[in-house]
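Student: Can you read through this structure? Questions will come right after.
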Amino acid sequence: MDIVLSKENELIRQSLREFAAREIAPKAAEYDRSREFPFENFRKCAEMNLTGMMVSESQGGAGMDTISYVLAIEELSRVCASTGVIISVNNSLYCHPVEKFAREEIKKNLLAPFARGEKIGCFGLSEPDAGSDPSNMRTTAVRDGDHYLLNGSKIFVTNGLGADAAVVFAVTDATSRHKGISAFVVEKGNSGFRIGKQERKLGITCSGSVEIIMEDCKIPATQLLGKEGEGFKIAMNTLDGGRIGIAAQAVGIARGALEESTRYSQERKQFGKKISDFQAIQFMLADMATEVDAARLLTYRAAWKKDQGERYSLEAAMAKLFASEVAMRATTKGIQIFGGYGYMNDYPMERFFRDAKVTEIYEGTSEIQRIVIASHLLKD
Ligand SMILES: Cc1cc2nc3c(=O)[nH]c(=O)nc-3n(C[C@H](O)[C@H](O)[C@H](O)COP(=O)(O)OP(=O)(O)OC[C@H]3O[C@@H](n4cnc5c(N)ncnc54)[C@H](O)[C@@H]3O)c2cc1C
């Protein structure tokens, strides 16, 4: 495995670091407080070609590799984890399945504008009774001539508030569990499609998490992804790639905690010394730095395997599991290093801490990642 970053990757990283510091960081705390969906950030990311990074150029994307994508999500999440996940969802959970599984004739309208960032995509798999176990979903899709009629709801949909279309999953054959699920693209303008409850959350407060409701929602049959019954497979394939994005988001948050803590520890004085002179603080910083690097390397490995066209479910699960737990540990230590100031929202540390938690939950909880990893170990 060769995971040394290419010159091009290094240039991308440098320019994204500058972009994130200049354009995204200044308003991160304000968006966190207002909880408004950051349309402006999405537009700026589109101008930087970050909204369809791995989509081929012929389909409106940037045609870049997964390593570049990982660098982008880390840099965005370093300063604003909400923006990190918004861009990750558009790339991994919307554009990817549409590019890979949609019929060519719908891509002009339902892929290219999303890859270019003129429109925003989202992904609706979870339902009230179907979280870790999506095969328990209740949403149905019934074929009616040239159309499907969808009925049901999806919850916690990231980007949902600002989205123009969603990749959604529904049961087309109730007699078979996994194999009875199909995937569709549903547009905001399709009749019977509406946004329901908007969630108020602990962290990533402005990522536009909403309920999507479909009542006799009529969509053209051409908006089926793949074939009927392939929805579960499409969801799992999509989440494999999504998990690399969430791992990168977690690395970004953890790095934010490390960098802010390092800086603060050299400014804050107690007992007549900088707190960075105390070995207790040095050891926390050393552990954070080591874990951030380890999490980043696991994330690069998963991205690299994906770029080689190899199977990467195991590597993506490991990267997401480890990086999300690193983000929690690093932000917990970060608050400790900041002391009482870490608990106050004058500093970004409490936001990092709140933002970190969700990386252990969405796109498969840590328990689900462990199940995926163990299943690879135990298969014969
Ligand atoms: C902020 C946010 C954004 C989200 N965005 C999206 C989105 O855009 N699209 C989307 O479709 N979903 C989204 N989700 C949903 C997310 O993917 C689910 O919350 C997650 O998969 C867990 O499902 P659940 O909440 O129903 O928990 P449950 O599945 O009810 O799990 C509860 C607990 O039981 C554990 N558990 C469950 N099954 C097992 C098992 N077999 N073995 C061991 N432990 C188990 C879990 O790990 C967890 O600890 C989002 C969630 C959040 C919080």
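Each chain of the structure tokens is named A, B, ... in the order shown, its residues numbered from 1; ligands are numbered from 1 in display order.
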For region 113-128 of chain A, list every protein, DNA or RNA residue within 7 Å, evaluated using only C-alpha atoms, and leave out those in the same chain fewer than 3 positions away; present the list as a ChimeraX atom specification.
Tutor: /A:43,46,51-52,55,60-61,89-90,93-95,109-110,131,134,137,153-155,157-160,162-169
Student: Can you list, as a ChimeraX atom specification, all residues belonging to region 110-285 of chain A that DSSP tags as helix (DSSP H, G or I)?
Tutor: /A:110,112-115,134-136,178-180,221-223,231-267,275-277,279-285
Student: Can you measure CA of Ala112 (chain A) to CA of Gln308 (chain A) for me? One decimal in Å is fine.
Tutor: 24.5 Å
Student: What's the 10 Å shell around Tyr31 (chain A), counting only C-alpha atoms, without same-chain residues fewer than 5 positions away, as a PyMOL selection string?
Tutor: chain A and resi 26+36-38+80+82-83+204-207
Student: Smallest atom-to-atom distance to ligand 1: which of A:Ala21, A:Ile335, A:Met349, A:Ala356, using only C-alpha atoms and all ligand atoms?
Tutor: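 Selected residue with least distance to ligand 1: A:Ala356.
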Student: With a distance cut-off of 7 Å and only C-alpha atoms, select the neighbouring residues of Leu258 (chain A), excluding the residue or stretch itself and same-chain residues fewer than 6 positions from it, and output the selection as a ChimeraX atom specification.
Tutor: /A:285,288-289,330,334
Student: Kindly save the residues from that selection, with N, CA and C atoms included, as an mmCIF file, in the first residue's frame.
Tutor:
```cif
data_model
loop_
_atom_site.group_PDB
_atom_site.id
_atom_site.type_symbol
_atom_site.label_atom_id
_atom_site.label_comp_id
_atom_site.auth_asym_id
_atom_site.auth_seq_id
_atom_site.Cartn_x
_atom_site.Cartn_y
_atom_site.Cartn_z
ATOM 1 N N LEU A 285 -1.780 15.894 25.345
ATOM 2 C CA LEU A 285 -1.525 16.334 23.964
ATOM 3 C C LEU A 285 -0.857 15.220 23.155
ATOM 4 N N MET A 288 -3.405 12.627 22.225
ATOM 5 C CA MET A 288 -4.308 13.142 21.183
ATOM 6 C C MET A 288 -3.614 13.108 19.824
ATOM 7 N N ALA A 289 -2.363 13.582 19.776
ATOM 8 C CA ALA A 289 -1.638 13.649 18.494
ATOM 9 C C ALA A 289 -1.445 12.255 17.910
ATOM 10 N N ALA A 330 -10.485 12.852 22.073
ATOM 11 C CA ALA A 330 -9.698 14.084 21.883
ATOM 12 C C ALA A 330 -10.482 15.312 22.341
ATOM 13 N N GLY A 334 -9.645 17.761 25.265
ATOM 14 C CA GLY A 334 -9.552 19.185 24.911
ATOM 15 C C GLY A 334 -10.260 20.054 25.939
#
```
Student: List the neighbours of Asn151 (chain A) out to 7 Å using only C-alpha atoms; skip same-chain residues closer than 3 positions along the sequence, and give me the result as a PyMOL selection string.
Tutor: chain A and resi 139-141+214-217
Student: Could you dump the residues just selected with C-alpha atoms as a compact mmCIF listing (two decimals), in the first residue's frame?
Tutor:
```txt
# COMPACT_ATOMS: atom_id res chain seq x y z
CA THR A 139 -42.06 2.88 3.66
CA THR A 140 -43.58 1.21 0.62
CA ALA A 141 -43.32 1.75 -3.12
CA MET A 214 -44.13 10.78 1.35
CA GLU A 215 -47.89 10.46 0.92
CA ASP A 216 -48.89 8.89 -2.38
CA CYS A 217 -45.69 10.47 -3.62
```
Student: Run DSSP on the backbone and grab whatever in region 149-186 of chain A lands in strand (DSSP E or B); send it over as a list in words.
Tutor: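 Here are the strand (DSSP E or B) residues of region 149-186 of chain A: Leu149, Leu150, Asn151, Gly152, Ser153, Lys154, Ile155, Phe156, Val157, Ala165, Ala166, Val167, Val168, Phe169, Ala170, Val171, Ile181, Ser182, Ala183, Phe184, Val185 and Val186 of chain A.
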Student: Next, write the just-selected residues to a file, as a PDB file, in the first residue's frame, keeping N, CA and C atoms as the atom set.
Tutor:
```
ATOM      1  N   LEU A 149     -45.708   4.783  -6.564  1.00  0.00           N
ATOM      2  CA  LEU A 149     -46.325   5.581  -5.503  1.00  0.00           C
ATOM      3  C   LEU A 149     -45.648   5.194  -4.198  1.00  0.00           C
ATOM      4  N   LEU A 150     -45.037   6.197  -3.554  1.00  0.00           N
ATOM      5  CA  LEU A 150     -44.312   5.940  -2.305  1.00  0.00           C
ATOM      6  C   LEU A 150     -45.120   6.454  -1.120  1.00  0.00           C
ATOM      7  N   ASN A 151     -45.153   5.665  -0.054  1.00  0.00           N
ATOM      8  CA  ASN A 151     -45.833   6.076   1.171  1.00  0.00           C
ATOM      9  C   ASN A 151     -44.971   5.713   2.370  1.00  0.00           C
ATOM     10  N   GLY A 152     -44.757   6.701   3.248  1.00  0.00           N
ATOM     11  CA  GLY A 152     -43.967   6.445   4.457  1.00  0.00           C
ATOM     12  C   GLY A 152     -43.181   7.677   4.836  1.00  0.00           C
ATOM     13  N   SER A 153     -42.307   7.510   5.831  1.00  0.00           N
ATOM     14  CA  SER A 153     -41.495   8.664   6.222  1.00  0.00           C
ATOM     15  C   SER A 153     -40.077   8.227   6.562  1.00  0.00           C
ATOM     16  N   LYS A 154     -39.167   9.167   6.443  1.00  0.00           N
ATOM     17  CA  LYS A 154     -37.754   8.957   6.776  1.00  0.00           C
ATOM     18  C   LYS A 154     -37.395   9.985   7.843  1.00  0.00           C
ATOM     19  N   ILE A 155     -36.546   9.590   8.780  1.00  0.00           N
ATOM     20  CA  ILE A 155     -36.219  10.544   9.854  1.00  0.00           C
ATOM     21  C   ILE A 155     -34.729  10.863   9.876  1.00  0.00           C
ATOM     22  N   PHE A 156     -34.427  11.969  10.581  1.00  0.00           N
ATOM     23  CA  PHE A 156     -33.038  12.405  10.839  1.00  0.00           C
ATOM     24  C   PHE A 156     -32.265  12.676   9.548  1.00  0.00           C
ATOM     25  N   VAL A 157     -32.956  13.081   8.501  1.00  0.00           N
ATOM     26  CA  VAL A 157     -32.293  13.192   7.192  1.00  0.00           C
ATOM     27  C   VAL A 157     -31.391  14.436   7.130  1.00  0.00           C
ATOM     28  N   ALA A 165     -33.392  16.980  -3.730  1.00  0.00           N
ATOM     29  CA  ALA A 165     -33.759  15.590  -4.033  1.00  0.00           C
ATOM     30  C   ALA A 165     -33.147  14.679  -2.986  1.00  0.00           C
ATOM     31  N   ALA A 166     -33.754  13.486  -2.878  1.00  0.00           N
ATOM     32  CA  ALA A 166     -33.284  12.521  -1.883  1.00  0.00           C
ATOM     33  C   ALA A 166     -33.180  11.144  -2.510  1.00  0.00           C
ATOM     34  N   VAL A 167     -32.155  10.402  -2.108  1.00  0.00           N
ATOM     35  CA  VAL A 167     -32.128   8.974  -2.402  1.00  0.00           C
ATOM     36  C   VAL A 167     -32.900   8.326  -1.254  1.00  0.00           C
ATOM     37  N   VAL A 168     -33.996   7.622  -1.560  1.00  0.00           N
ATOM     38  CA  VAL A 168     -34.782   7.003  -0.485  1.00  0.00           C
ATOM     39  C   VAL A 168     -34.973   5.511  -0.766  1.00  0.00           C
ATOM     40  N   PHE A 169     -35.287   4.814   0.292  1.00  0.00           N
ATOM     41  CA  PHE A 169     -35.428   3.358   0.222  1.00  0.00           C
ATOM     42  C   PHE A 169     -36.846   2.970   0.654  1.00  0.00           C
ATOM     43  N   ALA A 170     -37.416   2.003  -0.045  1.00  0.00           N
ATOM     44  CA  ALA A 170     -38.796   1.604   0.251  1.00  0.00           C
ATOM     45  C   ALA A 170     -38.981   0.121  -0.063  1.00  0.00           C
ATOM     46  N   VAL A 171     -39.985  -0.469   0.591  1.00  0.00           N
ATOM     47  CA  VAL A 171     -40.265  -1.891   0.391  1.00  0.00           C
ATOM     48  C   VAL A 171     -41.111  -2.055  -0.873  1.00  0.00           C
ATOM     49  N   ILE A 181     -36.359  -4.652  -0.697  1.00  0.00           N
ATOM     50  CA  ILE A 181     -36.179  -3.188  -0.606  1.00  0.00           C
ATOM     51  C   ILE A 181     -35.621  -2.647  -1.925  1.00  0.00           C
ATOM     52  N   SER A 182     -36.156  -1.496  -2.344  1.00  0.00           N
ATOM     53  CA  SER A 182     -35.662  -0.859  -3.576  1.00  0.00           C
ATOM     54  C   SER A 182     -35.259   0.577  -3.273  1.00  0.00           C
ATOM     55  N   ALA A 183     -34.406   1.132  -4.138  1.00  0.00           N
ATOM     56  CA  ALA A 183     -33.905   2.508  -3.942  1.00  0.00           C
ATOM     57  C   ALA A 183     -34.449   3.407  -5.050  1.00  0.00           C
ATOM     58  N   PHE A 184     -34.743   4.647  -4.682  1.00  0.00           N
ATOM     59  CA  PHE A 184     -35.316   5.617  -5.628  1.00  0.00           C
ATOM     60  C   PHE A 184     -34.681   6.986  -5.424  1.00  0.00           C
ATOM     61  N   VAL A 185     -34.776   7.819  -6.450  1.00  0.00           N
ATOM     62  CA  VAL A 185     -34.495   9.243  -6.264  1.00  0.00           C
ATOM     63  C   VAL A 185     -35.829   9.959  -6.259  1.00  0.00           C
ATOM     64  N   VAL A 186     -36.075  10.733  -5.223  1.00  0.00           N
ATOM     65  CA  VAL A 186     -37.324  11.489  -5.118  1.00  0.00           C
ATOM     66  C   VAL A 186     -36.975  12.960  -5.117  1.00  0.00           C
TER      67      VAL A 186
END
```
Student: So that I can check the surroundings of Ile195 (chain A), please list as a PDB file with N, CA and C atoms, in the first residue's frame every protein, DNA and RNA residue that reaches within 6 Å of it, counting only C-alpha atoms and ignoring chain neighbours fewer than 5 positions away.
Tutor:
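File result-v5.pdb, as written:
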```pdb
ATOM      1  N   GLU A 211     -37.426  15.340   9.030  1.00  0.00           N
ATOM      2  CA  GLU A 211     -38.209  14.178   8.632  1.00  0.00           C
ATOM      3  C   GLU A 211     -38.682  14.444   7.193  1.00  0.00           C
ATOM      4  N   ILE A 212     -38.682  13.385   6.397  1.00  0.00           N
ATOM      5  CA  ILE A 212     -39.225  13.485   5.033  1.00  0.00           C
ATOM      6  C   ILE A 212     -40.497  12.649   4.994  1.00  0.00           C
ATOM      7  N   ILE A 213     -41.565  13.243   4.509  1.00  0.00           N
ATOM      8  CA  ILE A 213     -42.837  12.516   4.477  1.00  0.00           C
ATOM      9  C   ILE A 213     -43.266  12.310   3.017  1.00  0.00           C
TER      10      ILE A 213
END
```
Student: With a distance cut-off of 10 Å and only C-alpha atoms, select the neighbouring residues of Asp307 (chain A), excluding the residue or stretch itself and same-chain residues fewer than 5 positions from it, and output the selection as a ChimeraX atom specification.
Tutor: /A:64-67,301-302,312
